[in-house]
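Just below is one structure, and these are the notes that go with it.
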Amino acid sequence: MFLSVTNTIKKLGFPVPTAPNELAVGNGDFPSTLIYIFPDNQSNGALEHLCISSVLGDPTLDCVEAYFSCLSEVNKKYGIEHPHLHKARVQVFLAREEEGDVHMGIGAEKDIWNWDSPVFNQVKEMLGKL
């Protein structure tokens with residue numbers, strides 16, 4: 001993934017970072033660039049992984065996992081594979097909110113995610129470099 005992103009940045013003429021989470025300093029013509037691949041520059045995943053990981057221990061997650069365990073059994077029976085389980089887990093977790101149609105951004109605004117969780121440390125470090 002990193003190589004694919006650096007190739008695109010290079011084609012556009014921007015400064016190219018040599019590693020994930022390293023700043024390539026810009027010049028007068030181009031801004032600085034930094035590549036961060038969610039969730040942690042190493043694992044496959046997305047921002048949703050970090051958000052759910054930040055609330056581990058919340059009793060609602062037991063219900064979420066029970067739902068996905070049941071869903072997995074049904075999907076196996078019918079040969080269905082869910083390609084975005086991490087995104088679906090966040091949606092099911094957020095369904096507990098009384099407003100109903102809550103998405104990740106609203107969850108962030110409502111401080112549902114634990115921003116003090118260490119799972120966000122790398123992201124905070126990355127944003128501090130910009």
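Following the order of the structure tokens, chains are lettered A, B, ..., residues in each are numbered from 1, and ligands are numbered from 1.
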Distance query stretch 94-96 of chain A at most 12 Å, only C-alpha atoms, self and fewer than 2 positions along chain excluded, as number ranges by chain: A: 48, 51-52, 55, 58-61, 63-64, 87-92, 98-108, 110-113
Please produce a file of the residues just selected, as a compact mmCIF listing (two decimals), in the first residue's frame, where the atoms kept are N, CA, C and O atoms.
# COMPACT_ATOMS: atom_id res chain seq x y z
N GLU A 48 -12.09 2.93 11.40
CA GLU A 48 -13.09 2.26 12.24
C GLU A 48 -12.45 1.32 13.26
O GLU A 48 -12.94 1.19 14.38
N CYS A 51 -11.38 3.45 16.18
CA CYS A 51 -12.52 3.94 16.97
C CYS A 51 -13.09 2.84 17.85
O CYS A 51 -13.30 3.05 19.05
N ILE A 52 -13.33 1.66 17.29
CA ILE A 52 -13.87 0.55 18.10
C ILE A 52 -12.86 0.15 19.17
O ILE A 52 -13.23 -0.12 20.32
N VAL A 55 -12.90 2.01 22.52
CA VAL A 55 -13.99 1.81 23.49
C VAL A 55 -14.05 0.36 23.99
O VAL A 55 -15.07 -0.07 24.51
N ASP A 58 -16.40 -1.35 26.80
CA ASP A 58 -17.77 -0.87 26.84
C ASP A 58 -18.70 -2.08 26.74
O ASP A 58 -18.55 -2.91 25.85
N PRO A 59 -19.66 -2.23 27.65
CA PRO A 59 -20.53 -3.41 27.65
C PRO A 59 -21.36 -3.57 26.37
O PRO A 59 -21.76 -4.68 26.04
N THR A 60 -21.56 -2.48 25.64
CA THR A 60 -22.29 -2.57 24.37
C THR A 60 -21.57 -3.47 23.38
O THR A 60 -22.20 -4.13 22.55
N LEU A 61 -20.24 -3.53 23.48
CA LEU A 61 -19.47 -4.36 22.53
C LEU A 61 -19.80 -5.84 22.67
O LEU A 61 -19.71 -6.58 21.69
N CYS A 63 -22.76 -7.02 23.09
CA CYS A 63 -23.95 -7.16 22.24
C CYS A 63 -23.58 -7.13 20.76
O CYS A 63 -24.11 -7.90 19.96
N VAL A 64 -22.67 -6.23 20.42
CA VAL A 64 -22.22 -6.13 19.03
C VAL A 64 -21.59 -7.45 18.59
O VAL A 64 -21.90 -7.97 17.51
N LYS A 87 -16.40 -1.77 9.41
CA LYS A 87 -17.31 -0.63 9.24
C LYS A 87 -18.68 -0.96 9.80
O LYS A 87 -19.32 -0.13 10.45
N ALA A 88 -19.13 -2.18 9.57
CA ALA A 88 -20.43 -2.61 10.08
C ALA A 88 -20.44 -2.65 11.60
O ALA A 88 -21.44 -2.28 12.23
N ARG A 89 -19.35 -3.08 12.21
CA ARG A 89 -19.27 -3.12 13.68
C ARG A 89 -19.47 -1.72 14.27
O ARG A 89 -20.15 -1.54 15.28
N VAL A 90 -18.85 -0.74 13.66
CA VAL A 90 -19.00 0.64 14.13
C VAL A 90 -20.47 1.06 14.02
O VAL A 90 -21.02 1.66 14.94
N GLN A 91 -21.11 0.74 12.89
CA GLN A 91 -22.51 1.13 12.71
C GLN A 91 -23.41 0.47 13.74
O GLN A 91 -24.30 1.12 14.30
N VAL A 92 -23.18 -0.81 14.02
CA VAL A 92 -23.99 -1.50 15.02
C VAL A 92 -23.73 -0.91 16.40
O VAL A 92 -24.66 -0.68 17.18
N GLU A 98 -29.66 7.19 20.83
CA GLU A 98 -31.09 7.40 20.67
C GLU A 98 -31.46 8.16 19.40
O GLU A 98 -32.58 8.04 18.92
N GLU A 99 -30.52 8.91 18.80
CA GLU A 99 -30.83 9.63 17.56
C GLU A 99 -31.07 8.68 16.40
O GLU A 99 -31.72 9.03 15.44
N GLY A 100 -30.47 7.52 16.44
CA GLY A 100 -30.68 6.53 15.38
C GLY A 100 -29.65 6.59 14.28
O GLY A 100 -28.84 5.71 14.15
N ASP A 101 -29.64 7.64 13.49
CA ASP A 101 -28.76 7.71 12.32
C ASP A 101 -27.44 8.38 12.69
O ASP A 101 -27.13 9.49 12.26
N VAL A 102 -26.65 7.69 13.49
CA VAL A 102 -25.37 8.22 13.93
C VAL A 102 -24.26 7.54 13.12
O VAL A 102 -24.23 6.33 13.01
N HIS A 103 -23.39 8.33 12.54
CA HIS A 103 -22.24 7.78 11.82
C HIS A 103 -20.96 8.15 12.56
O HIS A 103 -21.00 8.83 13.60
N MET A 104 -19.83 7.71 12.03
CA MET A 104 -18.56 7.93 12.74
C MET A 104 -18.30 9.39 13.07
O MET A 104 -17.82 9.71 14.15
N GLY A 105 -18.58 10.28 12.14
CA GLY A 105 -18.33 11.70 12.38
C GLY A 105 -19.18 12.25 13.51
O GLY A 105 -18.70 13.00 14.35
N ILE A 106 -20.44 11.88 13.54
CA ILE A 106 -21.33 12.31 14.64
C ILE A 106 -20.83 11.68 15.94
O ILE A 106 -20.83 12.33 16.99
N GLY A 107 -20.40 10.42 15.86
CA GLY A 107 -19.83 9.77 17.04
C GLY A 107 -18.63 10.54 17.57
O GLY A 107 -18.45 10.68 18.78
N ALA A 108 -17.84 11.07 16.66
CA ALA A 108 -16.68 11.88 17.07
C ALA A 108 -17.13 13.18 17.73
O ALA A 108 -16.61 13.57 18.77
N LYS A 110 -19.84 13.70 19.28
CA LYS A 110 -20.49 13.41 20.56
C LYS A 110 -19.51 12.80 21.57
O LYS A 110 -19.91 12.40 22.65
N ASP A 111 -18.25 12.72 21.20
CA ASP A 111 -17.21 12.13 22.06
C ASP A 111 -17.54 10.70 22.48
O ASP A 111 -17.26 10.29 23.62
N ILE A 112 -18.12 9.94 21.57
CA ILE A 112 -18.38 8.53 21.85
C ILE A 112 -17.06 7.77 21.87
O ILE A 112 -16.87 6.85 22.66
N TRP A 113 -16.14 8.17 21.01
CA TRP A 113 -14.83 7.51 20.96
C TRP A 113 -13.97 8.05 22.09
O TRP A 113 -14.03 9.22 22.42
Residues within 7 Å of A:Ser117, only C-alpha atoms, excluding chain neighbours under 3 positions, as a PyMOL selection string: chain A and resi 54+114+120
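Shell of A:Asn27 at 12 Å, with only C-alpha atoms counted and residues fewer than 5 places along the chain excluded, is Gly13, Phe14, Pro15, Val16, Ser32 and Thr33 of chain A.
Compared by their closest atoms to A:Thr6, and using only C-alpha atoms, the residues A:Asn121, A:Thr18, A:Ser69, A:Asn44 rank with A:Thr18 nearest.
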Residue list (helix (DSSP H, G or I), DSSP) for chain A, as a PyMOL selection string: chain A and resi 2-12+47-53+60-78+85-94+104-109+118-129
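Between atom CA of A:Thr8 and atom CA of A:His86 the interatomic distance comes to 26.8 Å.
Of the residues listed (A:Trp115, A:Phe2, A:Phe93, A:Tyr78), A:Phe2 shows the shortest atom-to-atom separation from A:Gln42; distances use only C-alpha atoms.
For A:Leu130, the non-local neighbours within 12 Å, defined as residues at least 2 positions apart in the same chain or in other chains and counting only C-alpha atoms, are Asn21, Glu22, Leu23, Ala24, Val25, Gly26, Pro31, Ser32, Thr33, Leu34, Ile35, Tyr36, Val123, Lys124, Glu125, Met126, Leu127 and Gly128 of chain A.
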